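File shown: model_34.cif (mmCIF, C-alpha atoms and all ligand atoms).
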data_run
loop_
_atom_site.label_atom_id
_atom_site.label_comp_id
_atom_site.auth_asym_id
_atom_site.auth_seq_id
_atom_site.Cartn_x
_atom_site.Cartn_y
_atom_site.Cartn_z
CA MET A 862 111.44 118.84 95.91
CA ALA A 863 114.97 118.66 97.20
CA VAL A 864 116.24 115.17 97.82
CA THR A 865 116.43 115.71 101.59
CA GLY A 866 112.78 116.74 101.73
CA ALA A 867 111.77 113.77 99.61
CA LEU A 868 113.54 111.38 101.95
CA ASP A 869 111.83 112.89 104.99
CA GLU A 870 108.49 112.48 103.24
CA LEU A 871 109.29 108.84 102.50
CA VAL A 872 109.93 108.27 106.21
CA THR A 873 106.59 109.97 106.91
CA ALA A 874 104.86 107.72 104.36
CA ASN A 875 106.26 104.64 106.12
CA ARG A 876 104.99 105.86 109.49
CA ILE A 877 101.55 106.76 108.12
CA LEU A 878 101.05 103.38 106.47
CA ALA A 879 101.99 101.70 109.75
CA ARG A 880 99.75 103.96 111.82
CA GLU A 881 96.79 103.39 109.50
CA GLY A 882 97.13 99.60 109.54
CA VAL A 883 98.14 99.19 105.90
CA VAL A 884 101.52 97.67 106.79
CA ASP A 885 102.68 95.88 109.92
CA ALA A 886 106.17 94.47 110.40
CA PHE A 887 106.07 93.82 106.66
CA GLY A 888 105.24 95.82 103.57
CA HIS A 889 107.17 98.73 102.08
CA VAL A 890 106.90 102.02 100.23
CA SER A 891 109.36 103.55 97.78
CA ILE A 892 109.81 106.68 95.67
CA ARG A 893 111.48 107.07 92.32
CA HIS A 894 114.70 108.98 93.00
CA PRO A 895 113.99 112.72 92.56
CA GLU A 896 117.23 113.30 90.61
CA TYR A 897 117.90 109.92 88.99
CA PRO A 898 114.72 108.52 87.42
CA ASP A 899 116.42 105.17 86.81
CA ARG A 900 116.80 104.62 90.54
CA TYR A 901 114.44 104.28 93.46
CA VAL A 902 114.67 104.88 97.20
CA LEU A 903 113.50 102.25 99.68
CA SER A 904 114.33 101.42 103.27
CA ARG A 905 116.60 98.61 104.31
CA ALA A 906 114.61 95.56 105.49
CA ARG A 907 112.88 96.97 108.55
CA ALA A 908 109.31 97.42 109.81
CA PRO A 909 107.91 100.69 108.39
CA GLU A 910 106.99 101.96 111.88
CA CYS A 911 110.70 101.85 112.84
CA ILE A 912 112.16 103.44 109.72
CA ASP A 913 114.20 106.63 109.86
CA VAL A 914 115.99 108.54 107.15
CA GLU A 915 119.30 106.74 107.70
CA ASP A 916 117.59 103.44 106.85
CA LEU A 917 116.88 104.57 103.29
CA MET A 918 118.87 103.03 100.45
CA THR A 919 119.04 103.75 96.71
CA PHE A 920 118.69 101.00 94.12
CA THR A 921 118.93 100.73 90.36
CA LEU A 922 115.70 99.56 88.75
CA ASP A 923 116.98 95.98 88.64
CA GLY A 924 117.32 95.99 92.43
CA ALA A 925 121.07 96.46 92.86
CA PRO A 926 121.96 98.76 95.79
CA ILE A 927 123.97 101.84 94.78
CA GLU A 928 125.90 101.80 98.05
CA PRO A 929 128.30 99.05 99.10
CA ALA A 930 125.97 96.23 100.13
CA ARG A 931 126.45 96.39 103.89
CA ARG A 932 122.78 96.57 104.74
CA HIS A 933 120.04 94.02 104.35
CA PRO A 934 117.55 95.08 101.65
CA TYR A 935 113.97 93.87 101.34
CA ALA A 936 113.87 90.57 99.47
CA GLU A 937 110.83 91.86 97.56
CA ARG A 938 112.37 95.20 96.48
CA HIS A 939 112.16 94.01 92.84
CA ILE A 940 108.43 94.77 92.90
CA HIS A 941 109.27 98.47 93.00
CA GLY A 942 111.91 98.47 90.27
CA ALA A 943 109.77 96.51 87.84
CA ILE A 944 106.88 98.97 88.20
CA TYR A 945 109.14 102.03 87.77
CA GLU A 946 110.67 100.32 84.75
CA ALA A 947 107.29 99.66 83.13
CA ARG A 948 105.58 102.92 84.09
CA PRO A 949 107.62 106.13 83.58
CA GLU A 950 104.85 108.26 85.13
CA ILE A 951 104.88 106.37 88.41
CA GLN A 952 106.71 108.17 91.23
CA ALA A 953 105.83 106.05 94.27
CA VAL A 954 104.97 102.41 94.95
CA VAL A 955 103.53 100.58 97.97
CA HIS A 956 103.62 96.84 98.48
CA ASN A 957 101.64 95.56 101.45
CA HIS A 958 99.71 92.70 103.01
CA SER A 959 96.79 95.01 103.82
CA PRO A 960 94.61 92.62 105.85
CA SER A 961 91.12 93.37 104.51
CA VAL A 962 92.40 93.23 100.93
CA ILE A 963 93.73 89.65 101.17
CA PRO A 964 90.29 87.91 100.99
CA PHE A 965 89.63 89.47 97.58
CA GLY A 966 92.78 87.90 96.17
CA ILE A 967 91.80 84.37 97.17
CA THR A 968 88.07 84.09 96.58
CA GLY A 969 87.38 85.37 93.08
CA THR A 970 85.24 88.14 94.55
CA GLN A 971 86.12 91.38 92.78
CA LEU A 972 87.34 94.28 94.88
CA ARG A 973 85.38 97.29 93.61
CA PRO A 974 84.78 100.84 94.86
CA VAL A 975 81.86 101.05 97.31
CA MET A 976 82.50 104.62 98.48
CA HIS A 977 83.64 107.80 96.73
CA MET A 978 86.87 108.24 98.71
CA CYS A 979 87.93 104.81 97.50
CA ALA A 980 87.54 105.49 93.78
CA SER A 981 91.32 105.75 93.38
CA MET A 982 91.59 101.99 92.96
CA GLY A 983 89.72 102.24 89.64
CA SER A 984 86.71 100.23 88.51
CA ARG A 985 88.64 97.03 87.95
CA VAL A 986 91.50 95.70 90.07
CA PRO A 987 93.60 93.03 88.31
CA LEU A 988 94.74 89.92 90.18
CA TRP A 989 98.23 88.45 89.85
CA ASP A 990 98.70 84.80 90.75
CA SER A 991 102.37 83.85 91.06
CA ARG A 992 101.45 80.21 90.43
CA THR A 993 100.31 80.93 86.86
CA ALA A 994 103.82 81.51 85.52
CA PHE A 995 106.08 80.35 88.35
CA GLY A 996 104.33 77.33 89.89
CA ASP A 997 104.41 76.55 93.59
CA THR A 998 106.73 79.08 95.23
CA ASN A 999 106.96 80.64 98.69
CA LEU A 1000 104.89 83.46 97.09
CA LEU A 1001 107.60 86.08 97.60
CA VAL A 1002 108.56 88.25 94.63
CA THR A 1003 112.30 87.85 94.96
CA ASN A 1004 113.55 88.34 91.40
CA MET A 1005 112.96 90.60 88.42
CA ALA A 1006 111.25 87.90 86.35
CA MET A 1007 108.46 87.59 88.90
CA ALA A 1008 108.34 91.34 89.48
CA ARG A 1009 108.06 92.09 85.75
CA ASP A 1010 105.28 89.55 85.45
CA LEU A 1011 103.46 91.28 88.30
CA ALA A 1012 104.04 94.70 86.68
CA ALA A 1013 102.60 93.33 83.43
CA THR A 1014 99.44 92.28 85.26
CA LEU A 1015 99.26 95.70 86.90
CA GLY A 1016 99.38 97.21 83.40
CA ASN A 1017 98.09 100.78 83.51
CA HIS A 1018 96.06 100.20 86.67
CA PRO A 1019 96.93 101.85 90.00
CA VAL A 1020 96.37 98.64 92.01
CA ALA A 1021 96.92 94.91 91.53
CA LEU A 1022 96.09 92.17 94.01
CA MET A 1023 98.56 89.35 94.65
CA ARG A 1024 96.91 85.98 95.32
CA GLY A 1025 97.61 84.66 98.82
CA HIS A 1026 99.98 87.54 99.51
CA GLY A 1027 98.83 91.17 99.32
CA CYS A 1028 98.80 93.92 96.74
CA VAL A 1029 100.74 96.66 94.99
CA VAL A 1030 99.69 100.28 94.67
CA ALA A 1031 101.37 102.62 92.17
CA GLY A 1032 100.95 106.38 92.20
CA SER A 1033 101.97 109.62 90.60
CA SER A 1034 103.19 110.97 93.95
CA LEU A 1035 103.85 109.75 97.47
CA ARG A 1036 100.69 111.43 98.77
CA ASP A 1037 98.66 109.83 95.98
CA VAL A 1038 99.94 106.32 96.62
CA VAL A 1039 99.52 106.54 100.41
CA PHE A 1040 95.99 107.89 99.94
CA ASN A 1041 95.08 105.03 97.62
CA ALA A 1042 96.65 102.37 99.86
CA VAL A 1043 94.82 103.63 102.96
CA TYR A 1044 91.47 103.87 101.20
CA LEU A 1045 91.96 100.51 99.50
CA GLU A 1046 92.12 98.86 102.91
CA LEU A 1047 89.02 100.81 104.02
CA ASN A 1048 87.08 99.87 100.87
CA ALA A 1049 87.92 96.20 101.31
CA ASP A 1050 86.67 96.31 104.91
CA LEU A 1051 83.49 98.18 103.93
CA GLN A 1052 82.80 95.84 101.01
CA MET A 1053 83.02 92.78 103.26
CA LYS A 1054 80.69 94.38 105.83
CA ALA A 1055 78.22 95.49 103.16
CA ARG A 1056 78.17 92.01 101.66
CA SER A 1057 76.89 90.63 104.94
CA LEU A 1058 73.96 93.06 104.80
CA GLY A 1059 72.87 92.39 101.25
CA GLU A 1060 73.41 93.17 97.60
CA ILE A 1061 75.99 95.92 97.06
CA THR A 1062 75.52 98.90 94.77
CA PHE A 1063 79.04 99.75 93.62
CA LEU A 1064 80.18 103.05 92.16
CA SER A 1065 79.63 102.97 88.40
CA GLU A 1066 82.57 103.39 86.05
CA ARG A 1067 81.36 106.89 85.24
CA GLU A 1068 81.09 107.78 88.92
CA VAL A 1069 84.65 106.58 89.46
CA GLU A 1070 85.79 108.74 86.55
CA ALA A 1071 83.82 111.72 87.86
CA VAL A 1072 85.38 111.39 91.33
CA LEU A 1073 88.89 111.24 89.91
CA ASN A 1074 88.33 114.01 87.38
CA THR A 1075 87.06 116.43 90.02
CA ARG A 1076 89.40 115.55 92.89
CA SER A 1077 91.91 118.31 93.51
CA SER A 1078 95.37 118.05 95.01
CA PHE A 1079 93.89 119.70 98.10
CA THR A 1080 92.14 116.41 98.89
CA TYR A 1081 95.49 114.64 99.12
CA GLU A 1082 96.98 117.52 101.07
CA ARG A 1083 94.17 117.53 103.63
CA ALA A 1084 94.50 113.78 104.16
CA TRP A 1085 98.29 113.95 104.35
CA GLU A 1086 98.18 116.63 107.08
CA TYR A 1087 95.72 114.54 109.11
CA TRP A 1088 97.78 111.38 108.75
CA CYS A 1089 101.01 113.25 109.62
CA ARG A 1090 99.39 114.38 112.85
CA ARG A 1091 98.23 110.86 113.71
CA ALA A 1092 101.67 109.44 112.92
CA GLY A 1093 103.47 112.11 114.97
CA ARG A 1094 105.35 113.39 111.93
CA PRO A 1095 105.91 117.01 110.86
CA TYR A 1096 103.63 118.22 108.10
CA ASP A 1097 105.27 119.96 105.15
CA ARG A 1098 102.63 121.51 102.95
CA GLN A 1099 102.96 121.03 99.20
CA PRO A 1100 101.94 123.99 97.04
CA VAL A 1101 98.70 123.27 95.22
CA GLY A 1102 99.45 122.86 91.54
CA GLY A 1103 102.95 121.66 92.38
CA PRO A 1104 104.13 118.11 92.00
CA LEU A 1105 100.80 116.69 93.06
CA VAL A 1106 98.44 115.51 90.38
CA ASP A 1107 94.95 114.24 90.85
CA LYS A 1108 94.96 111.03 88.93
CA ILE A 1109 97.21 108.63 87.13
MN MN B 1201 105.08 90.78 100.51
#

Could you quickly redo this structure as structure tokens?
Amino acid sequence: MAVTGALDELVTANRILAREGVVDAFGHVSIRHPEYPDRYVLSRARAPECIDVEDLMTFTLDGAPIEPARRHPYAERHIHGAIYEARPEIQAVVHNHSPSVIPFGITGTQLRPVMHMCASMGSRVPLWDSRTAFGDTNLLVTNMAMARDLAATLGNHPVALMRGHGCVVAGSSLRDVVFNAVYLELNADLQMKARSLGEITFLSEREVEAVLNTRSSFTYERAWEYWCRRAGRPYDRQPVGGPLVDKI
């Protein structure tokens, strides 16, 4: 995809995540730069609902802005660079404080798939606690040392929870990562509701694998079109079999 189109899609991703309640004034989404894989594109520090294409900035993986530093970047941009650095296959990253997800990072209760649409999170979601390696901080990931530690906990998983803070979601495309972030929030909400009713039957590991192995790029496309409409953004269809892949 041309760079211009990719930037428009990144704006759309910001608006969708805001519209769907995954981010509020805080939280951010980035893409690996389509032409320079050792860079990423992320907005200046602004609420995702308000972001437009002129807010987007390019950074090296260590978080240095490519442009003259006239704009205020997100303090937690390092999260993105550390994940792109550790995972060459990752093309898009979301960091958020998704409200229903937070309780699972602070109680020891595992967040696990309860519904087939939510299988993207995988059977096990690792938890990163900043206190383990960095002691009592303000919990913000404001340097590469913390971000690399978080990326190490993420490992090869698509999602990691951050204790007392939020989570990160890493994906093979922007549509993939937005899909996973939206359904992660839904799964967390459903899991809490189900818990109040009784014992939960979670998806088995094999069911999770079966969902991911049979999900086509059309699933992501159908969701993306719907979310574009709800967010008031133009929908630009991706050719099936193009840059979208089904799983990471
Ligand atoms: Mn944060």

Requested in this report: For atom CA of A:Pro1019 and atom CA of A:Arg1091, quote the distance in Å rounded to one decimal.
Outcome: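 Spanning atom CA of A:Pro1019 to atom CA of A:Arg1091 is a straight-line distance of 25.4 Å.
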
Report summary line: For ligand MN 1201 (chain B), the closest of A:Phe887, A:Tyr1044, A:Phe1063, A:Phe920 counting all atoms listed in the file is A:Phe887

Report task. Around ligand MN 1201 (chain B), at most 9 Å away and counting all atoms listed in the file, which residues are there? Put them as a ChimeraX atom specification, please. Result -> /A:887-889,936-937,956-958,1000-1002,1023,1026-1028

Nearby residues (all atoms listed in the file) at most 10 Å from A:Asp990, same-chain spacing under 6 positions excluded, as a PDB file with C-alpha atoms, in the frame of the given file:
ATOM      1  CA  GLY A 966      92.780  87.900  96.170  1.00  0.00           C
ATOM      2  CA  ILE A 967      91.800  84.370  97.170  1.00  0.00           C
ATOM      3  CA  GLY A 996     104.330  77.330  89.890  1.00  0.00           C
ATOM      4  CA  LEU A1000     104.890  83.460  97.090  1.00  0.00           C
ATOM      5  CA  ASP A1010     105.280  89.550  85.450  1.00  0.00           C
ATOM      6  CA  LEU A1011     103.460  91.280  88.300  1.00  0.00           C
ATOM      7  CA  THR A1014      99.440  92.280  85.260  1.00  0.00           C
ATOM      8  CA  LEU A1022      96.090  92.170  94.010  1.00  0.00           C
ATOM      9  CA  MET A1023      98.560  89.350  94.650  1.00  0.00           C
ATOM     10  CA  ARG A1024      96.910  85.980  95.320  1.00  0.00           C
ATOM     11  CA  GLY A1025      97.610  84.660  98.820  1.00  0.00           C
ATOM     12  CA  HIS A1026      99.980  87.540  99.510  1.00  0.00           C
TER      13      HIS A1026
END

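The smallest atom-to-atom distance between A:Arg900 and any of A:Val883, A:Ala943, A:Val1038, A:Val1020, using all atoms listed in the file, is found for A:Ala943.
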
Requested in this report: Write out as a PyMOL selection string which residues come within 8 Å of A:Trp1085 when counting only C-alpha atoms, dropping same-chain ones fewer than 2 positions away.
Outcome: chain A and resi 1036+1040+1081-1083+1087-1089+1096

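Closest to A:Ile944 among A:Leu903, A:Ala980, A:Ala1008, A:Ala886 is A:Ala1008, based on all atoms listed in the file.
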
Requested in this report: List the neighbours of A:Ser1065 out to 10 Å using only C-alpha atoms; skip same-chain residues closer than 2 positions along the sequence, and give me the result as an MDAnalysis selection string.
Outcome: chainID A and resid 973:975 980 984 1062:1063 1067:1071

Resulting file, chosen residues, C-alpha atoms, as a CSV table (one decimal), keeping the file's coordinate frame:
chain,number,residue,atom,x,y,z
A,973,ARG,CA,85.4,97.3,93.6
A,974,PRO,CA,84.8,100.8,94.9
A,975,VAL,CA,81.9,101.0,97.3
A,980,ALA,CA,87.5,105.5,93.8
A,984,SER,CA,86.7,100.2,88.5
A,1062,THR,CA,75.5,98.9,94.8
A,1063,PHE,CA,79.0,99.8,93.6
A,1067,ARG,CA,81.4,106.9,85.2
A,1068,GLU,CA,81.1,107.8,88.9
A,1069,VAL,CA,84.6,106.6,89.5
A,1070,GLU,CA,85.8,108.7,86.6
A,1071,ALA,CA,83.8,111.7,87.9

Query - Between atom CA of A:Ser1034 and atom CA of A:Gln952, distance in Å (one decimal) - result: 5.3 Å

**Report entry** Surrounding residues of A:Asp916 excluding itself and chain neighbours under 3 positions, 6 Å, only C-alpha atoms, as a PyMOL selection string
**Finding:** chain A and resi 904-905+913
